[in-house]
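Read the structure below first, then the notes.
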Amino acid sequence: DAGVIQSPRHEVTEMGQEVTLRCKPISGHNSLFWYRQTMMRGLELLIYFNNNVPIDDSGMPEDRFSAKMPNASFSTLKIQPSEPRDSAVYFCASSRDQNEQFFGPGTRLTVL
Amino acid sequence: AQSVTQPDIHITVSEGASLELRCNYSYGATPYLFWYVQSPGQGLQLLLKYFSGDTLVQGIKGFEAEFKRSQSSFNLRKPSVHWSDAAEYFCAVGASGTGRRALTFGSGTRLQVQP
């Protein structure tokens, strides 16, 4: 089992640029979660999907953030335009039914 | 709304000593409870979970946790700490039932192990 796969692992970009983070959940899992981790705010839920449908996006900071899940094996989190305060580690996690979430290795985003 | 409190931001123990990390939760019904560990630069790994049944749960790497409903606690323990246990530990609570399935995480406890 490959686990949750995230790409890229590291991203450095300049303010104003578009950033796209990618996630491949574990095969057979029906829920997918995007989290953001910062020193100041800890681990925050941004959005989660159940059976490819967004269920709760109340954690998405603002309209600059968007997430899609076009099929059961792929999801993207896009930031457009990016700002320095978006610098964080972004985690994707997946689960099947019972809340036990499996996390990917994360994408460390730096916005200059 | 559910919430998790980890009152200890940072703990230092000697290798071989016992360990207890505290976690208190707030949730209106029976919660699903989890402990995750995060090594530097890594993602979160599940140590153990509690859904129902026996309130003392065993996890990986020799960890255990006890659910105490009367105290709204789910403390993590290990009888003898190894240097490789140095990491950050997160307690999380999830909603039982068929509703919201996202987890709420505590702020984490950073464990340092002295030789």
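Just remember, in the structure tokens the first chain shown is A, the second B, etc., residues are 1-based per chain, and ligands are 1-based in the order shown.
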
At a cut-off of 9 Å, can you tabulate as CSV every residue of range 9-106 of chain A near range 100-114 of chain B together with its closest atom pair and the distance in Å to one decimal, using only C-alpha atoms and ordering rows by chain then number?
residue,atom,partner,partner_atom,distance
A:Ser31,CA,B:Arg101,CA,8.5
A:Phe33,CA,B:Ala102,CA,7.6
A:Arg41,CA,B:Ser107,CA,8.1
A:Gly42,CA,B:Ser107,CA,5.7
A:Leu43,CA,B:Phe105,CA,6.5
A:Glu44,CA,B:Phe105,CA,7.7
A:Leu45,CA,B:Ala102,CA,7.6
A:Ile47,CA,B:Ala102,CA,8.8
A:Tyr48,CA,B:Ala102,CA,7.2
A:Ile55,CA,B:Arg100,CA,8.3
A:Asp56,CA,B:Arg100,CA,8.3
A:Asp97,CA,B:Arg101,CA,8.2
A:Gln98,CA,B:Arg101,CA,8.0
A:Asn99,CA,B:Arg101,CA,5.9
A:Gln101,CA,B:Leu103,CA,8.5

Item to complete: For chain B, report every residue with an atom at most 12 Å from chain A (counting only C-alpha atoms), formatted as a VMD selection string.
Response: chain B and resid 4 6 9 31 to 52 88 to 109

Tell me, which residues of range 29-93 of chain A carry DSSP strand (DSSP E or B), written as an mmCIF file with all heavy atoms, in the first residue's frame?
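What follows is the written file states28.cif:
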data_model
loop_
_atom_site.group_PDB
_atom_site.id
_atom_site.type_symbol
_atom_site.label_atom_id
_atom_site.label_comp_id
_atom_site.auth_asym_id
_atom_site.auth_seq_id
_atom_site.Cartn_x
_atom_site.Cartn_y
_atom_site.Cartn_z
ATOM 1 N N SER A 31 -13.214 9.246 1.982
ATOM 2 C CA SER A 31 -13.151 10.621 2.501
ATOM 3 C C SER A 31 -11.739 11.164 2.333
ATOM 4 O O SER A 31 -10.762 10.442 2.534
ATOM 5 C CB SER A 31 -13.539 10.669 3.988
ATOM 6 O OG SER A 31 -14.896 10.311 4.158
ATOM 7 N N LEU A 32 -11.672 12.442 1.986
ATOM 8 C CA LEU A 32 -10.371 13.087 1.799
ATOM 9 C C LEU A 32 -10.389 14.439 2.488
ATOM 10 O O LEU A 32 -11.380 15.176 2.406
ATOM 11 C CB LEU A 32 -10.064 13.260 0.305
ATOM 12 C CG LEU A 32 -8.691 13.861 -0.035
ATOM 13 C CD1 LEU A 32 -8.091 13.160 -1.252
ATOM 14 C CD2 LEU A 32 -8.772 15.354 -0.251
ATOM 15 N N PHE A 33 -9.301 14.749 3.155
ATOM 16 C CA PHE A 33 -9.211 15.952 3.987
ATOM 17 C C PHE A 33 -7.965 16.749 3.604
ATOM 18 O O PHE A 33 -6.906 16.173 3.351
ATOM 19 C CB PHE A 33 -9.100 15.563 5.465
ATOM 20 C CG PHE A 33 -10.183 14.634 5.947
ATOM 21 C CD1 PHE A 33 -10.103 13.272 5.689
ATOM 22 C CD2 PHE A 33 -11.269 15.112 6.649
ATOM 23 C CE1 PHE A 33 -11.097 12.402 6.128
ATOM 24 C CE2 PHE A 33 -12.257 14.258 7.088
ATOM 25 C CZ PHE A 33 -12.174 12.901 6.831
ATOM 26 N N TRP A 34 -8.110 18.057 3.606
ATOM 27 C CA TRP A 34 -6.965 18.957 3.465
ATOM 28 C C TRP A 34 -6.797 19.728 4.765
ATOM 29 O O TRP A 34 -7.748 20.357 5.269
ATOM 30 C CB TRP A 34 -7.160 19.945 2.327
ATOM 31 C CG TRP A 34 -6.942 19.374 0.957
ATOM 32 C CD1 TRP A 34 -7.886 18.982 0.057
ATOM 33 C CD2 TRP A 34 -5.684 19.174 0.307
ATOM 34 N NE1 TRP A 34 -7.299 18.529 -1.100
ATOM 35 C CE2 TRP A 34 -5.940 18.638 -0.976
ATOM 36 C CE3 TRP A 34 -4.353 19.385 0.680
ATOM 37 C CZ2 TRP A 34 -4.931 18.321 -1.876
ATOM 38 C CZ3 TRP A 34 -3.347 19.073 -0.218
ATOM 39 C CH2 TRP A 34 -3.637 18.550 -1.474
ATOM 40 N N TYR A 35 -5.565 19.683 5.312
ATOM 41 C CA TYR A 35 -5.221 20.409 6.532
ATOM 42 C C TYR A 35 -4.059 21.352 6.254
ATOM 43 O O TYR A 35 -3.255 21.141 5.347
ATOM 44 C CB TYR A 35 -4.762 19.449 7.644
ATOM 45 C CG TYR A 35 -5.820 18.543 8.218
ATOM 46 C CD1 TYR A 35 -6.059 17.285 7.669
ATOM 47 C CD2 TYR A 35 -6.560 18.917 9.329
ATOM 48 C CE1 TYR A 35 -7.011 16.436 8.213
ATOM 49 C CE2 TYR A 35 -7.516 18.075 9.882
ATOM 50 C CZ TYR A 35 -7.725 16.848 9.316
ATOM 51 O OH TYR A 35 -8.670 16.001 9.859
ATOM 52 N N ARG A 36 -3.955 22.365 7.081
ATOM 53 C CA ARG A 36 -2.820 23.280 7.037
ATOM 54 C C ARG A 36 -2.203 23.334 8.429
ATOM 55 O O ARG A 36 -2.930 23.429 9.435
ATOM 56 C CB ARG A 36 -3.281 24.679 6.617
ATOM 57 C CG ARG A 36 -2.172 25.712 6.576
ATOM 58 C CD ARG A 36 -2.649 27.021 5.975
ATOM 59 N NE ARG A 36 -3.640 27.701 6.787
ATOM 60 C CZ ARG A 36 -4.137 28.896 6.476
ATOM 61 N NH1 ARG A 36 -3.753 29.502 5.366
ATOM 62 N NH2 ARG A 36 -5.031 29.457 7.256
ATOM 63 N N GLN A 37 -0.885 23.274 8.473
ATOM 64 C CA GLN A 37 -0.180 23.320 9.762
ATOM 65 C C GLN A 37 0.781 24.490 9.797
ATOM 66 O O GLN A 37 1.662 24.613 8.942
ATOM 67 C CB GLN A 37 0.574 22.015 10.015
ATOM 68 C CG GLN A 37 1.201 21.933 11.403
ATOM 69 C CD GLN A 37 1.917 20.610 11.644
ATOM 70 O OE1 GLN A 37 2.568 20.069 10.759
ATOM 71 N NE2 GLN A 37 1.781 20.068 12.845
ATOM 72 N N THR A 38 0.624 25.343 10.781
ATOM 73 C CA THR A 38 1.532 26.458 11.024
ATOM 74 C C THR A 38 1.893 26.483 12.499
ATOM 75 O O THR A 38 1.203 25.908 13.336
ATOM 76 C CB THR A 38 0.898 27.805 10.653
ATOM 77 O OG1 THR A 38 -0.265 28.007 11.490
ATOM 78 C CG2 THR A 38 0.481 27.851 9.200
ATOM 79 N N GLY A 42 -1.349 25.868 14.541
ATOM 80 C CA GLY A 42 -1.395 24.416 14.664
ATOM 81 C C GLY A 42 -1.974 23.774 13.419
ATOM 82 O O GLY A 42 -1.808 24.273 12.306
ATOM 83 N N LEU A 43 -2.689 22.676 13.611
ATOM 84 C CA LEU A 43 -3.240 21.884 12.513
ATOM 85 C C LEU A 43 -4.703 22.267 12.333
ATOM 86 O O LEU A 43 -5.519 22.051 13.224
ATOM 87 C CB LEU A 43 -3.096 20.412 12.860
ATOM 88 C CG LEU A 43 -3.145 19.380 11.744
ATOM 89 C CD1 LEU A 43 -2.043 19.633 10.742
ATOM 90 C CD2 LEU A 43 -3.000 17.988 12.322
ATOM 91 N N GLU A 44 -5.021 22.800 11.161
ATOM 92 C CA GLU A 44 -6.380 23.271 10.897
ATOM 93 C C GLU A 44 -6.960 22.519 9.704
ATOM 94 O O GLU A 44 -6.296 22.365 8.678
ATOM 95 C CB GLU A 44 -6.372 24.752 10.513
ATOM 96 C CG GLU A 44 -5.724 25.707 11.474
ATOM 97 C CD GLU A 44 -5.661 27.086 10.851
ATOM 98 O OE1 GLU A 44 -4.752 27.333 10.030
ATOM 99 O OE2 GLU A 44 -6.548 27.919 11.156
ATOM 100 N N LEU A 45 -8.225 22.143 9.824
ATOM 101 C CA LEU A 45 -8.926 21.549 8.704
ATOM 102 C C LEU A 45 -9.336 22.650 7.734
ATOM 103 O O LEU A 45 -9.936 23.650 8.144
ATOM 104 C CB LEU A 45 -10.163 20.795 9.177
ATOM 105 C CG LEU A 45 -11.051 20.228 8.074
ATOM 106 C CD1 LEU A 45 -10.355 19.049 7.397
ATOM 107 C CD2 LEU A 45 -12.406 19.803 8.622
ATOM 108 N N LEU A 46 -9.017 22.456 6.464
ATOM 109 C CA LEU A 46 -9.430 23.421 5.441
ATOM 110 C C LEU A 46 -10.750 22.988 4.795
ATOM 111 O O LEU A 46 -11.693 23.769 4.701
ATOM 112 C CB LEU A 46 -8.349 23.556 4.371
ATOM 113 C CG LEU A 46 -6.989 24.068 4.851
ATOM 114 C CD1 LEU A 46 -6.000 24.084 3.690
ATOM 115 C CD2 LEU A 46 -7.118 25.445 5.468
ATOM 116 N N ILE A 47 -10.787 21.754 4.334
ATOM 117 C CA ILE A 47 -11.950 21.249 3.615
ATOM 118 C C ILE A 47 -11.903 19.736 3.645
ATOM 119 O O ILE A 47 -10.830 19.143 3.758
ATOM 120 C CB ILE A 47 -11.959 21.759 2.149
ATOM 121 C CG1 ILE A 47 -13.231 21.340 1.413
ATOM 122 C CG2 ILE A 47 -10.717 21.286 1.401
ATOM 123 C CD1 ILE A 47 -13.369 21.985 0.029
ATOM 124 N N TYR A 48 -13.085 19.101 3.573
ATOM 125 C CA TYR A 48 -13.050 17.666 3.363
ATOM 126 C C TYR A 48 -14.144 17.229 2.400
ATOM 127 O O TYR A 48 -15.183 17.890 2.256
ATOM 128 C CB TYR A 48 -13.055 16.893 4.672
ATOM 129 C CG TYR A 48 -14.388 16.585 5.302
ATOM 130 C CD1 TYR A 48 -15.018 15.360 5.072
ATOM 131 C CD2 TYR A 48 -14.969 17.476 6.188
ATOM 132 C CE1 TYR A 48 -16.203 15.048 5.708
ATOM 133 C CE2 TYR A 48 -16.157 17.164 6.819
ATOM 134 C CZ TYR A 48 -16.765 15.954 6.576
ATOM 135 O OH TYR A 48 -17.955 15.639 7.201
ATOM 136 N N PHE A 49 -13.870 16.133 1.734
ATOM 137 C CA PHE A 49 -14.739 15.550 0.741
ATOM 138 C C PHE A 49 -15.190 14.169 1.217
ATOM 139 O O PHE A 49 -14.424 13.437 1.843
ATOM 140 C CB PHE A 49 -13.996 15.348 -0.599
ATOM 141 C CG PHE A 49 -13.526 16.616 -1.246
ATOM 142 C CD1 PHE A 49 -12.334 17.219 -0.859
ATOM 143 C CD2 PHE A 49 -14.252 17.197 -2.274
ATOM 144 C CE1 PHE A 49 -11.885 18.379 -1.474
ATOM 145 C CE2 PHE A 49 -13.811 18.356 -2.895
ATOM 146 C CZ PHE A 49 -12.626 18.951 -2.499
ATOM 147 N N ASN A 50 -16.412 13.835 0.864
ATOM 148 C CA ASN A 50 -16.907 12.486 1.076
ATOM 149 C C ASN A 50 -17.472 12.001 -0.253
ATOM 150 O O ASN A 50 -18.351 12.663 -0.833
ATOM 151 C CB ASN A 50 -17.981 12.462 2.163
ATOM 152 C CG ASN A 50 -18.246 11.060 2.670
ATOM 153 O OD1 ASN A 50 -17.351 10.226 2.685
ATOM 154 N ND2 ASN A 50 -19.457 10.800 3.081
ATOM 155 N N VAL A 53 -17.467 14.595 -3.017
ATOM 156 C CA VAL A 53 -18.309 15.782 -2.859
ATOM 157 C C VAL A 53 -17.806 16.596 -1.666
ATOM 158 O O VAL A 53 -17.605 16.033 -0.584
ATOM 159 C CB VAL A 53 -19.782 15.380 -2.630
ATOM 160 C CG1 VAL A 53 -20.638 16.613 -2.374
ATOM 161 C CG2 VAL A 53 -20.310 14.593 -3.814
ATOM 162 N N PRO A 54 -17.597 17.898 -1.850
ATOM 163 C CA PRO A 54 -17.172 18.713 -0.702
ATOM 164 C C PRO A 54 -18.268 18.777 0.349
ATOM 165 O O PRO A 54 -19.406 19.139 0.047
ATOM 166 C CB PRO A 54 -16.887 20.085 -1.315
ATOM 167 C CG PRO A 54 -17.665 20.104 -2.599
ATOM 168 C CD PRO A 54 -17.734 18.699 -3.072
ATOM 169 N N ILE A 55 -17.920 18.428 1.593
ATOM 170 C CA ILE A 55 -18.895 18.378 2.677
ATOM 171 C C ILE A 55 -18.803 19.613 3.573
ATOM 172 O O ILE A 55 -19.808 20.171 3.993
ATOM 173 C CB ILE A 55 -18.696 17.107 3.524
ATOM 174 C CG1 ILE A 55 -18.827 15.858 2.661
ATOM 175 C CG2 ILE A 55 -19.695 17.089 4.686
ATOM 176 C CD1 ILE A 55 -20.163 15.718 1.957
ATOM 177 N N ASP A 56 -17.588 20.023 3.856
ATOM 178 C CA ASP A 56 -17.390 21.144 4.773
ATOM 179 C C ASP A 56 -16.172 21.921 4.328
ATOM 180 O O ASP A 56 -15.053 21.424 4.413
ATOM 181 C CB ASP A 56 -17.205 20.630 6.195
ATOM 182 C CG ASP A 56 -17.101 21.753 7.220
ATOM 183 O OD1 ASP A 56 -16.985 22.933 6.815
ATOM 184 O OD2 ASP A 56 -17.125 21.455 8.417
ATOM 185 N N PHE A 65 -8.476 30.435 -1.989
ATOM 186 C CA PHE A 65 -8.294 28.998 -1.851
ATOM 187 C C PHE A 65 -9.461 28.265 -2.508
ATOM 188 O O PHE A 65 -10.626 28.623 -2.308
ATOM 189 C CB PHE A 65 -8.236 28.599 -0.374
ATOM 190 C CG PHE A 65 -6.961 28.944 0.315
ATOM 191 C CD1 PHE A 65 -6.618 30.260 0.567
ATOM 192 C CD2 PHE A 65 -6.090 27.935 0.725
ATOM 193 C CE1 PHE A 65 -5.426 30.580 1.213
ATOM 194 C CE2 PHE A 65 -4.904 28.243 1.378
ATOM 195 C CZ PHE A 65 -4.580 29.559 1.623
ATOM 196 N N SER A 66 -9.128 27.212 -3.264
ATOM 197 C CA SER A 66 -10.162 26.359 -3.836
ATOM 198 C C SER A 66 -9.657 24.923 -3.863
ATOM 199 O O SER A 66 -8.454 24.688 -3.965
ATOM 200 C CB SER A 66 -10.547 26.818 -5.246
ATOM 201 O OG SER A 66 -9.437 26.729 -6.113
ATOM 202 N N ALA A 67 -10.570 23.989 -3.749
ATOM 203 C CA ALA A 67 -10.204 22.578 -3.771
ATOM 204 C C ALA A 67 -11.182 21.820 -4.646
ATOM 205 O O ALA A 67 -12.372 22.150 -4.687
ATOM 206 C CB ALA A 67 -10.193 21.998 -2.360
ATOM 207 N N LYS A 68 -10.645 20.821 -5.328
ATOM 208 C CA LYS A 68 -11.470 19.985 -6.186
ATOM 209 C C LYS A 68 -11.122 18.523 -5.969
ATOM 210 O O LYS A 68 -10.012 18.183 -5.567
ATOM 211 C CB LYS A 68 -11.248 20.347 -7.664
ATOM 212 C CG LYS A 68 -11.707 21.739 -8.048
ATOM 213 C CD LYS A 68 -11.484 21.985 -9.528
ATOM 214 C CE LYS A 68 -11.958 23.380 -9.931
ATOM 215 N NZ LYS A 68 -11.735 23.652 -11.377
ATOM 216 N N MET A 69 -12.089 17.689 -6.262
ATOM 217 C CA MET A 69 -11.846 16.256 -6.247
ATOM 218 C C MET A 69 -12.599 15.666 -7.435
ATOM 219 O O MET A 69 -13.746 15.221 -7.297
ATOM 220 C CB MET A 69 -12.288 15.620 -4.937
ATOM 221 C CG MET A 69 -11.798 14.201 -4.784
ATOM 222 S SD MET A 69 -11.941 13.609 -3.099
ATOM 223 C CE MET A 69 -11.105 12.024 -3.267
ATOM 224 N N PRO A 70 -11.963 15.659 -8.605
ATOM 225 C CA PRO A 70 -12.661 15.229 -9.820
ATOM 226 C C PRO A 70 -12.977 13.746 -9.862
ATOM 227 O O PRO A 70 -13.905 13.324 -10.574
ATOM 228 C CB PRO A 70 -11.683 15.621 -10.936
ATOM 229 C CG PRO A 70 -10.351 15.697 -10.271
ATOM 230 C CD PRO A 70 -10.611 16.148 -8.856
ATOM 231 N N ASN A 71 -12.220 12.955 -9.095
ATOM 232 C CA ASN A 71 -12.502 11.521 -9.034
ATOM 233 C C ASN A 71 -11.981 10.984 -7.702
ATOM 234 O O ASN A 71 -11.351 11.715 -6.928
ATOM 235 C CB ASN A 71 -11.880 10.785 -10.218
ATOM 236 C CG ASN A 71 -10.387 11.002 -10.324
ATOM 237 O OD1 ASN A 71 -9.639 10.620 -9.434
ATOM 238 N ND2 ASN A 71 -9.955 11.626 -11.416
ATOM 239 N N PHE A 74 -7.966 11.437 -6.825
ATOM 240 C CA PHE A 74 -7.172 12.639 -7.043
ATOM 241 C C PHE A 74 -7.890 13.874 -6.491
ATOM 242 O O PHE A 74 -9.096 14.055 -6.678
ATOM 243 C CB PHE A 74 -6.921 12.817 -8.549
ATOM 244 C CG PHE A 74 -6.042 13.985 -8.884
ATOM 245 C CD1 PHE A 74 -4.707 14.006 -8.490
ATOM 246 C CD2 PHE A 74 -6.535 15.068 -9.601
ATOM 247 C CE1 PHE A 74 -3.885 15.069 -8.815
ATOM 248 C CE2 PHE A 74 -5.715 16.140 -9.930
ATOM 249 C CZ PHE A 74 -4.388 16.146 -9.533
ATOM 250 N N SER A 75 -7.113 14.730 -5.857
ATOM 251 C CA SER A 75 -7.641 15.998 -5.368
ATOM 252 C C SER A 75 -6.586 17.080 -5.505
ATOM 253 O O SER A 75 -5.378 16.789 -5.448
ATOM 254 C CB SER A 75 -8.065 15.897 -3.905
ATOM 255 O OG SER A 75 -8.517 17.146 -3.405
ATOM 256 N N THR A 76 -7.022 18.309 -5.704
ATOM 257 C CA THR A 76 -6.114 19.449 -5.758
ATOM 258 C C THR A 76 -6.571 20.535 -4.794
ATOM 259 O O THR A 76 -7.767 20.703 -4.548
ATOM 260 C CB THR A 76 -6.043 20.051 -7.164
ATOM 261 O OG1 THR A 76 -7.356 20.477 -7.546
ATOM 262 C CG2 THR A 76 -5.504 19.053 -8.167
ATOM 263 N N LEU A 77 -5.590 21.246 -4.281
ATOM 264 C CA LEU A 77 -5.828 22.454 -3.490
ATOM 265 C C LEU A 77 -5.075 23.567 -4.192
ATOM 266 O O LEU A 77 -3.868 23.480 -4.387
ATOM 267 C CB LEU A 77 -5.324 22.274 -2.060
ATOM 268 C CG LEU A 77 -5.448 23.497 -1.138
ATOM 269 C CD1 LEU A 77 -6.917 23.801 -0.860
ATOM 270 C CD2 LEU A 77 -4.695 23.261 0.170
ATOM 271 N N LYS A 78 -5.817 24.598 -4.582
ATOM 272 C CA LYS A 78 -5.218 25.677 -5.365
ATOM 273 C C LYS A 78 -5.287 26.975 -4.580
ATOM 274 O O LYS A 78 -6.307 27.277 -3.934
ATOM 275 C CB LYS A 78 -5.944 25.822 -6.697
ATOM 276 C CG LYS A 78 -5.338 26.834 -7.653
ATOM 277 C CD LYS A 78 -6.071 26.847 -8.986
ATOM 278 C CE LYS A 78 -5.897 25.541 -9.733
ATOM 279 N NZ LYS A 78 -6.478 25.587 -11.106
ATOM 280 N N ILE A 79 -4.218 27.729 -4.660
ATOM 281 C CA ILE A 79 -4.172 29.056 -4.045
ATOM 282 C C ILE A 79 -3.825 30.051 -5.158
ATOM 283 O O ILE A 79 -2.792 29.939 -5.812
ATOM 284 C CB ILE A 79 -3.102 29.156 -2.934
ATOM 285 C CG1 ILE A 79 -3.267 28.013 -1.925
ATOM 286 C CG2 ILE A 79 -3.211 30.504 -2.223
ATOM 287 C CD1 ILE A 79 -2.148 27.928 -0.904
ATOM 288 N N ALA A 88 3.097 27.477 4.821
ATOM 289 C CA ALA A 88 2.691 26.478 5.812
ATOM 290 C C ALA A 88 3.015 25.110 5.239
ATOM 291 O O ALA A 88 3.480 24.977 4.115
ATOM 292 C CB ALA A 88 1.190 26.583 6.102
ATOM 293 N N VAL A 89 2.736 24.093 6.045
ATOM 294 C CA VAL A 89 2.755 22.722 5.533
ATOM 295 C C VAL A 89 1.312 22.292 5.328
ATOM 296 O O VAL A 89 0.485 22.420 6.243
ATOM 297 C CB VAL A 89 3.470 21.758 6.493
ATOM 298 C CG1 VAL A 89 3.473 20.343 5.907
ATOM 299 C CG2 VAL A 89 4.898 22.229 6.766
ATOM 300 N N TYR A 90 1.021 21.820 4.143
ATOM 301 C CA TYR A 90 -0.331 21.404 3.797
ATOM 302 C C TYR A 90 -0.362 19.875 3.744
ATOM 303 O O TYR A 90 0.406 19.251 3.023
ATOM 304 C CB TYR A 90 -0.747 22.004 2.451
ATOM 305 C CG TYR A 90 -0.942 23.499 2.538
ATOM 306 C CD1 TYR A 90 0.143 24.363 2.495
ATOM 307 C CD2 TYR A 90 -2.208 24.041 2.699
ATOM 308 C CE1 TYR A 90 -0.028 25.743 2.607
ATOM 309 C CE2 TYR A 90 -2.400 25.415 2.803
ATOM 310 C CZ TYR A 90 -1.294 26.254 2.762
ATOM 311 O OH TYR A 90 -1.470 27.622 2.881
ATOM 312 N N PHE A 91 -1.270 19.316 4.525
ATOM 313 C CA PHE A 91 -1.405 17.865 4.583
ATOM 314 C C PHE A 91 -2.716 17.432 3.935
ATOM 315 O O PHE A 91 -3.750 18.083 4.099
ATOM 316 C CB PHE A 91 -1.399 17.367 6.034
ATOM 317 C CG PHE A 91 -0.062 17.435 6.695
ATOM 318 C CD1 PHE A 91 0.223 18.435 7.614
ATOM 319 C CD2 PHE A 91 0.914 16.483 6.419
ATOM 320 C CE1 PHE A 91 1.460 18.497 8.234
ATOM 321 C CE2 PHE A 91 2.151 16.538 7.041
ATOM 322 C CZ PHE A 91 2.426 17.548 7.942
ATOM 323 N N CYS A 92 -2.629 16.320 3.267
ATOM 324 C CA CYS A 92 -3.806 15.627 2.772
ATOM 325 C C CYS A 92 -3.945 14.333 3.571
ATOM 326 O O CYS A 92 -2.933 13.698 3.927
ATOM 327 C CB CYS A 92 -3.638 15.320 1.289
ATOM 328 S SG CYS A 92 -4.969 14.381 0.546
ATOM 329 N N ALA A 93 -5.161 13.973 3.890
ATOM 330 C CA ALA A 93 -5.421 12.730 4.613
ATOM 331 C C ALA A 93 -6.633 12.053 3.993
ATOM 332 O O ALA A 93 -7.497 12.721 3.404
ATOM 333 C CB ALA A 93 -5.669 12.998 6.095
#

Discussion item. Would you pick out the contacts of Val81 in chain B at 7 Å or less, using only C-alpha atoms, so that residues sharing its chain but fewer than 3 positions from it are not included, and give the list as number ranges by chain?
Written reply: B: 15-19, 78, 85

Worksheet item: Neighbours of Leu112 in chain A within 8 Å (only C-alpha atoms; same-chain residues fewer than 2 positions away dropped), as an NGL selection string?
Response: :A and (12-15 or 83-84 or 110)

Practice prompt. Would you mind telling me which residue in B:Ser72, B:Gln2, B:Ile11, B:Gly53 lies nearest to Cys23 in chain B when using only C-alpha atoms?
Written response: B:Ser72
